[in-house]
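**Student:** Pasting a structure here, questions to come.
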2 protein chains.
Amino acid sequence: MANLKQLAQSLGLSITTVSRALDGYADVSAATRERVRDAADKVGYRPNASARRLRRQRAELVAVTLPSDPGHIGPPHFLDMLSGCAEHLAAAGLNLVIAPVPRGESELDICRRFVDGRRVDAMLLVRTKRKDERVEFLQSRGIPFVTNGRTESLLPHPYIDGDGFAGFRAATLRFHAAGHRRIGHIAGPQEYYFAHDRCRGWRAAMEECGLATDLCAEGAPLEQGGYLAALELLRQPSRPTALVCATDEMAIGALRALREVDGGNQISIVGHDDLAMGAFTSPPLSTMRMTGENLGASFASLLLRAIAGEPAEELQELHAIEFVDRDSHRHPAKAA
Amino acid sequence: MANLKQLAQSLGLSITTVSRALDGYADVSAATRERVRDAADKVGYRPNASARRLRRQRAELVAVTLPSDPGHIGPPHFLDMLSGCAEHLAAAGLNLVIAPVPRGESELDICRRFVDGRRVDAMLLVRTKRKDERVEFLQSRGIPFVTNGRTESLLPHPYIDGDGFAGFRAATLRFHAAGHRRIGHIAGPQEYYFAHDRCRGWRAAMEECGLATDLCAEGAPLEQGGYLAALELLRQPSRPTALVCATDEMAIGALRALREVDGGNQISIVGHDDLAMGAFTSPPLSTMRMTGENLGASFASLLLRAIAGEPAEELQELHAIEFVDRDSHRHPAKAA
DNA sequence: CTTGACTCCCAAAACGTTTTGGAGAATCTT
DNA sequence: AAGATTCTCCAAAACGTTTTGGGAGTCAAG
C-alpha cells in the first residue's frame with residue numbers, strides 16, 4: 001500500500017536503511033530493524049515486484065509451455081504437478097506463468113518471446129518430442145530449463161522422466177510369463193519421446209521372447225485414439241490376448257472396443273499413469289506409474305538448481321515404473 | 001538481446017525517438033520509423049518487461065488461484081480453459097500466473113500477497129464457495145477480478161457460471177416424465193456454490209412433482225466421493241431408480257457402485273461436465289454441459305473489460321445447460 | 001521579416017527498488 | 001591521546017523503459 005520512500009519518511013530514516021532493515025542486513029542495528037519491521041507490518045508494506053525485478057535483473061518468473069492441441073495437454077496429473085511446482089517455486093520467490101501457444105505460432109516462438117523479452121528466469125517444458133526444437137533453442141540461448149520427459153538432444157539437459165522402456169518391457173514380460181503369446185501394443189504418437197520409449201520397451205520384450213512385433217497400432221494419446229487402435233488390432237486374423245497401452249486414457253478407450261467386440265473380460269489389458277478414473281472402469285484398470293511422490297516439488301528443485309548453475313548432468317532424474325494391479329490384466333491367455 | 005540505449009546509439013538517435021518509433025507514434029517520421037523497426041528486428045530487440053512494468057505501473061500479469069486440496073482442482077476442462085484464457089490474455093500483453101496455496105496458508109493469504117505486492121493487475125478465481133472470503137477481499141481492495149462460479153456476495157461481481165439450478169431441475173423433471181419416482185441426488189460439498197446450486201435444482205424439481213427429497217447423499221466431488229454416496233443411497237430400504245450426480249466424476253464412481261450392487265444396467269444415471277471419459281464408461285454416461293465454446297476466451301475478455309473499468313453488472317455470464325445424451329439415463333423406471 | 005503552424009526530434013524525469021561506497025560517531029587498542 | 005576498528009546510517013547510482021515538455025528547424029501566410 002505504501003512504498004519505501006513513504007515508509008522511510010514516516011520513520012525518519014533513509015530509504016537505504018529501511019530497505020536493508022527489511023532484508024535483515026547486519027549493518028542496521030537490532031533496534032531500528034525491529035522498529036522498521038513493525039512499521040512495515042503495520043502499513044502492510046510489500047516491495048513493488050516490478051521495481052525489484054528491474055533492479056535485480058531477475059524476472060522472478062518461470063514459464064511452463066502448454067502444448068496447444070486440446071487434449072494433448074500433458075499427463076493427467078499435470079495440474080497437480082503444476083500446482084506443487086508453483087508452490088515450491090513460490091517459496092523461493094518465483095512465480096509460475098503459463099505460456100500458451102496461440103494459433104499460428106509455434107512453441108518455439110513462445111519460448112523466444114519469453115526468453116528474449118527477459119520475462120523469465122527459466123522454463124519448464126512438458127511433453128517433449130524426440131527431436132524437440134524448444135530444447136535446442138533454449139540450449140543455444142543458455143537459459144536454464146527442465147523438461148518433463150527426455151529428448152534425443154545431443155547435449156545433456158535437465159529432465160525428469162519415467163523409465164517407460166523398462167516399465168513396458170516388464171509389463172510385456174509379465175504377460176508372457178502368464179502364458180500370453182499374442183501381446184499387442186497400443187502406441188502413442190511416436191514423435192513424442194515417452195510414446196516411443198514405451199513402444200521400444202514392448203518391442204524389446206517381444207523380441208526377447210521370440211515373438212513377432214506386428215501387433216502394434218498407433219493413435220492419439222486419448223480415449224478415442226485407444227479405441228480406434230484397439231479396433232484395428234481386434235480386426236487382425238489372429239487377435240491379441242493381451243494389450244499393453246501407452247496411457248490409461250488410451251486403455252480406457254480400448255476397454256470400450258473390447259466390450260463391443262467380444263463382450264469384454266476376455267482380453268487382458270494394462271495402461272500407464274494410474275489415473276484415478278482407472279479404479280472405476282469395468283473391469284478396474286491395471287496400470288503402471290512413475291515412482292516418486294510430489295513430482296512438482298522435484299521439478300521446482302531442479303529448476304532452482306538449474307538457475308543456480310548446476311550442470312545438466314546432475315539434474316537428470318529417471319524414475320522407475322511400478323505396477324498398480326487391479327483386475328484388467330488378469331484374464332487368462334486363451335486361444336482366440 | 002540489446003536495450004534501448006544501445007539500439008539508439010547504433011542508430012544515432014535518442015532513446016526517446018527509438019521508443020516512440022517502435023510504439024508507432026506519429027511524431028517520428030515514417031522514414032526513421034522504418035529504419036528503427038528494421039534495426040530492432042535485426043538485433044531481435046524486445047523491451048525489457050520489468051522496466052516497462054515499473055514505468056507503466058502495471059504488472060502485465062493476471063493470477064489464477066488453484067484450490068489446494070489435490071483433486072479438488074476445479075472442473076475437468078480446467079486446463080483447457082486456462083490455456084485458452086492465457087492465450088487471449090497474451091494477445092493483450094498479459095500473462096497468466098499460477099497462484100498455488102502453500103500448506104498453512106489460506107487462499108486469502110495468497111490473494112493478499114499478489115494484490116498488495118502489486119504483482120497482478122487482476123485475478124481469476126475458480127471453484128467459488130457460497131461465502132467466498134477471496135471475493136470479499138478483492139472487492140474491498142478494488143482489484144479487478146472474475147470468478148468461475150457465482151457466490152452469495154451482496155455486491156455484484158463479474159463471473160461466468162452455468163445455470164446448474166435449471167440444468168438439474170430439467171434433468172430431474174425428465175426422469176420424472178420417464179416414469180421415475182424415486183430420483184436420488186449425489187451432491188457435491190454444499191459450501192461450493194455450484195454444488196449447492198445443482199442440489200437446489202434437483203430439490204426444486206422433486207418438490208414440484210410432490211416427491212420426497214430425502215434421497216440425497218453428499219460426497220467429495222471425485223470418483224470416490226460419488227462411489228460412497230451412491231452406496232449410501234443404495235442401502236436405503238426403497239432404492240432410487242435414477243440418480244442425478246453433481247459431476248461426471250462422481251457419476252463414474254456411482255456407476256461402479258451400481259455394478260457392485262445390482263449388476264448395473266438397472267438404475268438410470270446422469271452426470272454433469274461432459275468429460276471425454278464419459279463416452280467410454282460402461283454404460284456410456286449421459287451428462288450435461290454448459291453451453292458456449294471457448295470458455296477461456298470468455299474469461300479473458302471479461303478480465304480485460306474488468307481491468308478497463310466496466311461495472312460488474314455488465315460482466316456476468318450465466319450459461320444455459322444442455323443435455324449430452326448417451327446411454328446411462330435410459331434405464332426404465334422399474335420398481336425396486 | 002515576422003508570425004504561427006507543423007514536423008521531427010530529444011533531454012530529463014519518473015517508476016521503486018537494491019547496492020555501492022563511503023561518512024560520522026562510538027568504541028577499542030596501544 | 002592518537003590511531004584503528006566497529007557500528008549505524010545514508011546519498012547517489014543504477015536497472016530500462018515511457019512520458020512530459022519542450023527545441024530546433026522548415027514552410028507558408030501575413
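Residues are named by chain letter and number: chains run A, B, ... in the order of the C-alpha cells, numbers start at 1 in each chain, and ligands are numbered from 1 in the order shown.
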Find the residues of chain D that sit at most 7 Å from chain A; for each, write down the nearest two atoms and how far apart they are in Å, to one decimal. Count only C-alpha atoms (C1' of nucleotides). Sort by chain, then by number going up, and give it as CSV.

**Tutor:**
```
residue,atom,partner,partner_atom,distance
D:DT8,C1',A:Val28,CA,5.9
D:DC9,C1',A:Thr17,CA,6.7
D:DC10,C1',A:Ser14,CA,6.2
D:DC15,C1',A:Arg55,CA,4.5
```

**Student:** Please produce a file of the residues just selected, as a compact mmCIF listing (two decimals), in the first residue's frame, where the atoms kept are C-alpha atoms (C1' of nucleotides).

**Tutor:**
```
# COMPACT_ATOMS: atom_id res chain seq x y z
C1' DT D 8 24.97 2.70 12.17
C1' DC D 9 23.42 5.01 8.86
C1' DC D 10 22.90 7.44 4.24
C1' DC D 15 18.24 -1.12 -13.59
```

**Student:** Nearest to chain A among B:Phe280, B:Phe299, B:Phe175, B:Phe137, with distances taken over only C-alpha atoms: which residue is it?

**Tutor:** B:Phe280

**Student:** With 7 Å as the cut-off and only C-alpha atoms counted, what is the closest atom pair between each nearby residue of chain B and chain A? Distances in Å to one decimal, ordered by chain and number, as JSON lines.

**Tutor:**
```
{"residue": "B:Met1", "atom": "CA", "partner": "A:Asp116", "partner_atom": "CA", "distance": 6.3}
{"residue": "B:Arg46", "atom": "CA", "partner": "A:Gly117", "partner_atom": "CA", "distance": 5.0}
{"residue": "B:Pro47", "atom": "CA", "partner": "A:Gly117", "partner_atom": "CA", "distance": 6.1}
{"residue": "B:Asn48", "atom": "CA", "partner": "A:Gly117", "partner_atom": "CA", "distance": 5.6}
{"residue": "B:Ala49", "atom": "CA", "partner": "A:Arg119", "partner_atom": "CA", "distance": 5.9}
{"residue": "B:Ser50", "atom": "CA", "partner": "A:Leu54", "partner_atom": "CA", "distance": 5.1}
{"residue": "B:Ala51", "atom": "CA", "partner": "A:Leu54", "partner_atom": "CA", "distance": 5.6}
{"residue": "B:Arg53", "atom": "CA", "partner": "A:Ser50", "partner_atom": "CA", "distance": 6.0}
{"residue": "B:Leu54", "atom": "CA", "partner": "A:Ser50", "partner_atom": "CA", "distance": 5.1}
{"residue": "B:Ala59", "atom": "CA", "partner": "A:Ser50", "partner_atom": "CA", "distance": 6.9}
{"residue": "B:Pro70", "atom": "CA", "partner": "A:Asp80", "partner_atom": "CA", "distance": 6.6}
{"residue": "B:Asp80", "atom": "CA", "partner": "A:Pro70", "partner_atom": "CA", "distance": 6.6}
{"residue": "B:Ser83", "atom": "CA", "partner": "A:Pro100", "partner_atom": "CA", "distance": 5.7}
{"residue": "B:Ala86", "atom": "CA", "partner": "A:Pro100", "partner_atom": "CA", "distance": 6.1}
{"residue": "B:Glu87", "atom": "CA", "partner": "A:Pro100", "partner_atom": "CA", "distance": 5.4}
{"residue": "B:Asn95", "atom": "CA", "partner": "A:Val97", "partner_atom": "CA", "distance": 6.8}
{"residue": "B:Leu96", "atom": "CA", "partner": "A:Val97", "partner_atom": "CA", "distance": 5.6}
{"residue": "B:Val97", "atom": "CA", "partner": "A:Val97", "partner_atom": "CA", "distance": 4.0}
{"residue": "B:Ile98", "atom": "CA", "partner": "A:Leu96", "partner_atom": "CA", "distance": 5.6}
{"residue": "B:Pro100", "atom": "CA", "partner": "A:Glu87", "partner_atom": "CA", "distance": 5.4}
{"residue": "B:Val101", "atom": "CA", "partner": "A:Glu87", "partner_atom": "CA", "distance": 6.7}
{"residue": "B:Pro102", "atom": "CA", "partner": "A:Glu87", "partner_atom": "CA", "distance": 5.6}
{"residue": "B:Asp116", "atom": "CA", "partner": "A:Arg46", "partner_atom": "CA", "distance": 6.3}
{"residue": "B:Gly117", "atom": "CA", "partner": "A:Arg46", "partner_atom": "CA", "distance": 5.0}
{"residue": "B:Arg118", "atom": "CA", "partner": "A:Asn48", "partner_atom": "CA", "distance": 6.1}
{"residue": "B:Arg119", "atom": "CA", "partner": "A:Ala49", "partner_atom": "CA", "distance": 5.9}
{"residue": "B:Glu223", "atom": "CA", "partner": "A:Met277", "partner_atom": "CA", "distance": 6.9}
{"residue": "B:Ile252", "atom": "CA", "partner": "A:Phe280", "partner_atom": "CA", "distance": 6.6}
{"residue": "B:Gly253", "atom": "CA", "partner": "A:Phe280", "partner_atom": "CA", "distance": 6.0}
{"residue": "B:Arg256", "atom": "CA", "partner": "A:Phe280", "partner_atom": "CA", "distance": 5.8}
{"residue": "B:Met277", "atom": "CA", "partner": "A:Glu223", "partner_atom": "CA", "distance": 6.9}
{"residue": "B:Phe280", "atom": "CA", "partner": "A:Arg256", "partner_atom": "CA", "distance": 5.8}
{"residue": "B:Thr281", "atom": "CA", "partner": "A:Thr281", "partner_atom": "CA", "distance": 6.6}
{"residue": "B:Ser282", "atom": "CA", "partner": "A:Ser282", "partner_atom": "CA", "distance": 6.7}
```

**Student:** Taking only C-alpha atoms (C1' of nucleotides) into account, report as a ChimeraX atom specification which residues of chain C lie within 7 Å of chain A.

**Tutor:** /C:16-18

**Student:** Provide the CA of Ile321 (chain B) to CA of Gly162 (chain B) distance in Å, to one decimal place.

**Tutor:**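 Here the two named atoms are 6.4 Å from each other.
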
**Student:** Taking the chain letters and numbering used in this document, name the residues of region 150-310 of chain A that DSSP puts in strand (DSSP E or B), as a list in words.

**Tutor:** Tyr159, Ile160, Asp161, Gly162, Ile183, Gly184, His185, Ile186, Ala187, Tyr192, Cys216, Ala217, Glu218, Ala242, Leu243, Val244, Cys245, Ser268, Ile269, Val270, Ser286, Thr287, Met288, Arg289 and Met290 of chain A

**Student:** Skipping near chain neighbours, those fewer than 2 positions away, what residues fall within 6 Å of region 139-150 of chain B using only C-alpha atoms (C1' of nucleotides), listed as a VMD selection string?

**Tutor:** chain B and resid 122 to 126 128 136 to 137 158 to 161 306 to 307

**Student:** DSSP on the backbone: which residues in region 25-244 of chain A end up as helix (DSSP H, G or I)? Give the answer as a PyMOL selection string.

**Tutor:** chain A and resi 30-43+49-56+78-91+107-116+133-141+164-177+193-208+223-234

**Student:** Could you pull the residues within 12 Å of region 192-195 of chain B, counting only C-alpha atoms (C1' of nucleotides), minus those fewer than 6 positions along the same chain, as a ChimeraX atom specification?

**Tutor:** /B:67,72,74-75,126-132,147-153,160-168,185-186,201-202,217-221,245-247,250,272-273

**Student:** Go ahead and compute the interatomic distance for CA of Gly184 (chain B) and CA of Leu215 (chain B), in Å to one decimal.

**Tutor:**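 Interatomic distance, CA of Gly184 (chain B) to CA of Leu215 (chain B): 4.6 Å.
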